[in-house]
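Source file final.pdb; content: PDB, C-alpha atoms, pLDDT in the B column.
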```pdb
ATOM      1  CA  MET V   1      27.249   7.458  16.779  1.00 46.00           C
ATOM      2  CA  MET V   2      25.371   7.523  20.027  1.00 51.00           C
ATOM      3  CA  GLY V   3      24.420  10.895  21.386  1.00 49.00           C
ATOM      4  CA  TRP V   4      25.552  12.902  18.391  1.00 50.00           C
ATOM      5  CA  TRP V   5      22.947  15.620  18.952  1.00 56.00           C
ATOM      6  CA  HIS V   6      21.958  15.725  22.605  1.00 55.00           C
ATOM      7  CA  GLY V   7      25.024  14.180  24.127  1.00 54.00           C
ATOM      8  CA  PRO V   8      25.231  10.812  25.848  1.00 55.00           C
ATOM      9  CA  ASP V   9      22.541  11.612  28.449  1.00 59.00           C
ATOM     10  CA  GLY V  10      19.901  12.867  25.976  1.00 58.00           C
ATOM     11  CA  GLY V  11      20.458  16.569  26.467  1.00 63.00           C
ATOM     12  CA  ALA V  12      18.393  19.002  28.485  1.00 61.00           C
ATOM     13  CA  LEU V  13      14.999  17.597  27.530  1.00 66.00           C
ATOM     14  CA  GLY V  14      15.869  14.092  26.378  1.00 74.00           C
ATOM     15  CA  TRP V  15      12.875  11.895  25.641  1.00 79.00           C
ATOM     16  CA  VAL V  16      10.480  14.462  27.134  1.00 81.00           C
ATOM     17  CA  GLY V  17      11.378  16.920  24.386  1.00 81.00           C
ATOM     18  CA  THR V  18      10.857  14.235  21.776  1.00 84.00           C
ATOM     19  CA  VAL V  19       7.403  13.419  23.152  1.00 87.00           C
ATOM     20  CA  ILE V  20       6.474  17.113  23.204  1.00 90.00           C
ATOM     21  CA  PHE V  21       7.687  17.549  19.632  1.00 91.00           C
ATOM     22  CA  ILE V  22       5.727  14.515  18.410  1.00 94.00           C
ATOM     23  CA  GLY V  23       2.629  15.779  20.252  1.00 94.00           C
ATOM     24  CA  LEU V  24       2.908  19.178  18.590  1.00 96.00           C
ATOM     25  CA  LEU V  25       3.421  17.541  15.202  1.00 96.00           C
ATOM     26  CA  VAL V  26       0.332  15.366  15.652  1.00 96.00           C
ATOM     27  CA  ALA V  27      -1.688  18.416  16.797  1.00 96.00           C
ATOM     28  CA  LEU V  28      -0.585  20.324  13.695  1.00 96.00           C
ATOM     29  CA  ILE V  29      -1.624  17.452  11.427  1.00 96.00           C
ATOM     30  CA  VAL V  30      -5.013  17.209  13.173  1.00 96.00           C
ATOM     31  CA  VAL V  31      -5.626  20.952  12.732  1.00 96.00           C
ATOM     32  CA  VAL V  32      -4.713  20.822   9.039  1.00 95.00           C
ATOM     33  CA  VAL V  33      -6.944  17.806   8.375  1.00 94.00           C
ATOM     34  CA  TRP V  34      -9.821  19.361  10.352  1.00 91.00           C
ATOM     35  CA  SER V  35      -9.476  22.608   8.385  1.00 90.00           C
ATOM     36  CA  VAL V  36      -9.475  20.829   5.031  1.00 89.00           C
ATOM     37  CA  VAL V  37     -12.511  18.730   5.980  1.00 86.00           C
ATOM     38  CA  ARG V  38     -14.382  21.773   7.209  1.00 85.00           C
ATOM     39  CA  VAL V  39     -13.664  23.833   4.090  1.00 84.00           C
ATOM     40  CA  THR V  40     -14.438  21.047   1.617  1.00 80.00           C
ATOM     41  CA  GLY V  41     -17.391  19.757   3.634  1.00 72.00           C
ATOM     42  CA  GLN V  42     -19.365  22.941   3.033  1.00 61.00           C
ATOM     43  CA  SER V  43     -19.503  22.326  -0.692  1.00 56.00           C
ATOM     44  CA  GLN V  44     -20.792  18.774  -0.363  1.00 54.00           C
ATOM     45  CA  GLY V  45     -24.366  17.741  -0.750  1.00 55.00           C
ATOM     46  CA  PRO V  46     -26.680  16.917  -3.572  1.00 52.00           C
ATOM     47  CA  ARG V  47     -26.244  19.708  -6.090  1.00 52.00           C
ATOM     48  CA  SER V  48     -29.336  18.836  -8.087  1.00 52.00           C
ATOM     49  CA  ASP V  49     -31.597  19.087  -5.038  1.00 67.00           C
ATOM     50  CA  THR V  50     -30.161  22.474  -4.111  1.00 84.00           C
ATOM     51  CA  SER V  51     -30.520  23.756  -7.670  1.00 86.00           C
ATOM     52  CA  LEU V  52     -34.063  22.481  -7.912  1.00 88.00           C
ATOM     53  CA  ASP V  53     -34.944  24.036  -4.549  1.00 90.00           C
ATOM     54  CA  ILE V  54     -33.643  27.406  -5.716  1.00 90.00           C
ATOM     55  CA  LEU V  55     -35.605  27.147  -8.951  1.00 92.00           C
ATOM     56  CA  ARG V  56     -38.770  26.222  -7.066  1.00 92.00           C
ATOM     57  CA  GLU V  57     -38.340  29.166  -4.685  1.00 93.00           C
ATOM     58  CA  ARG V  58     -37.788  31.603  -7.560  1.00 93.00           C
ATOM     59  CA  PHE V  59     -40.841  30.222  -9.376  1.00 94.00           C
ATOM     60  CA  ALA V  60     -42.952  30.446  -6.209  1.00 95.00           C
ATOM     61  CA  ARG V  61     -41.924  34.088  -5.676  1.00 95.00           C
ATOM     62  CA  GLY V  62     -42.836  34.884  -9.274  1.00 94.00           C
ATOM     63  CA  GLU V  63     -39.271  35.777 -10.274  1.00 94.00           C
ATOM     64  CA  ILE V  64     -39.353  33.351 -13.212  1.00 93.00           C
ATOM     65  CA  SER V  65     -42.154  32.089 -15.408  1.00 94.00           C
ATOM     66  CA  GLN V  66     -43.154  28.447 -15.820  1.00 94.00           C
ATOM     67  CA  ALA V  67     -41.380  28.363 -19.183  1.00 94.00           C
ATOM     68  CA  GLU V  68     -38.178  29.731 -17.621  1.00 94.00           C
ATOM     69  CA  PHE V  69     -38.530  27.223 -14.788  1.00 94.00           C
ATOM     70  CA  GLU V  70     -38.853  24.299 -17.209  1.00 93.00           C
ATOM     71  CA  GLU V  71     -35.981  25.575 -19.379  1.00 93.00           C
ATOM     72  CA  ALA V  72     -33.686  25.959 -16.370  1.00 92.00           C
ATOM     73  CA  LYS V  73     -34.535  22.420 -15.227  1.00 91.00           C
ATOM     74  CA  ARG V  74     -33.717  21.111 -18.696  1.00 91.00           C
ATOM     75  CA  VAL V  75     -30.421  23.000 -18.920  1.00 91.00           C
ATOM     76  CA  LEU V  76     -29.335  21.835 -15.450  1.00 87.00           C
ATOM     77  CA  GLY V  77     -30.336  18.258 -16.204  1.00 86.00           C
ATOM     78  CA  LEU V  78     -32.902  18.120 -13.411  1.00 82.00           C
ATOM     79  CA  ASN V  79     -35.727  16.532 -15.450  1.00 73.00           C
TER      80      ASN V  79
END
```
Once you've parsed the file, please lay out its structure as structure tokens.
Amino acid sequence: MMGWWHGPDGGALGWVGTVIFIGLLVALIVVVVWSVVRVTGQSQGPRSDTSLDILRERFARGEISQAEFEEAKRVLGLN
């Protein structure tokens, strides 16, 4: 069943159209993967360090007492 879509000579674009289509498909896949990595990459990192840093900053500013600081560390499992 040779040439059932583009005719026996490959149609107007032939193999050039196929290469363009594959290039666009690869570009689309790259953009999707890049987007997913960028979105999920922002939430990565050591959570306990970030939580502890926030607690330390709040304690240093006087927003929480030492007892609240210690309780928050215990609840978050940062001991």
Answer key for the PyMOL selection byres ((chain V and resi 66-74) around 12), residues as a ChimeraX atom specification: /V:48-65,75-79
One-decimal distance in Å that lies between CA of Val30 in chain V and CA of Gly14 in chain V: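 Calculated distance between CA of Gly14 in chain V and CA of Val30 in chain V is 24.9 Å.
Atom pair CA of Ile29 in chain V / CA of Val16 in chain V has a distance of 20.1 Å (rounded to one decimal).
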Length of the CA of Gly23 in chain V to CA of Gly41 in chain V vector [Å]: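 Going from CA of Gly23 in chain V over to CA of Gly41 in chain V covers 26.3 Å.
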Please define a box with edges along x, y and z of the file around all atoms of range 69-72 of chain V given in the file, extend it by 5 Å on each side, and return its centre and edge lengths in Å to one decimal, as JSON.
```
{"center_x": -36.3, "center_y": 25.8, "center_z": -17.1, "size_x": 15.2, "size_y": 12.9, "size_z": 14.6}
```
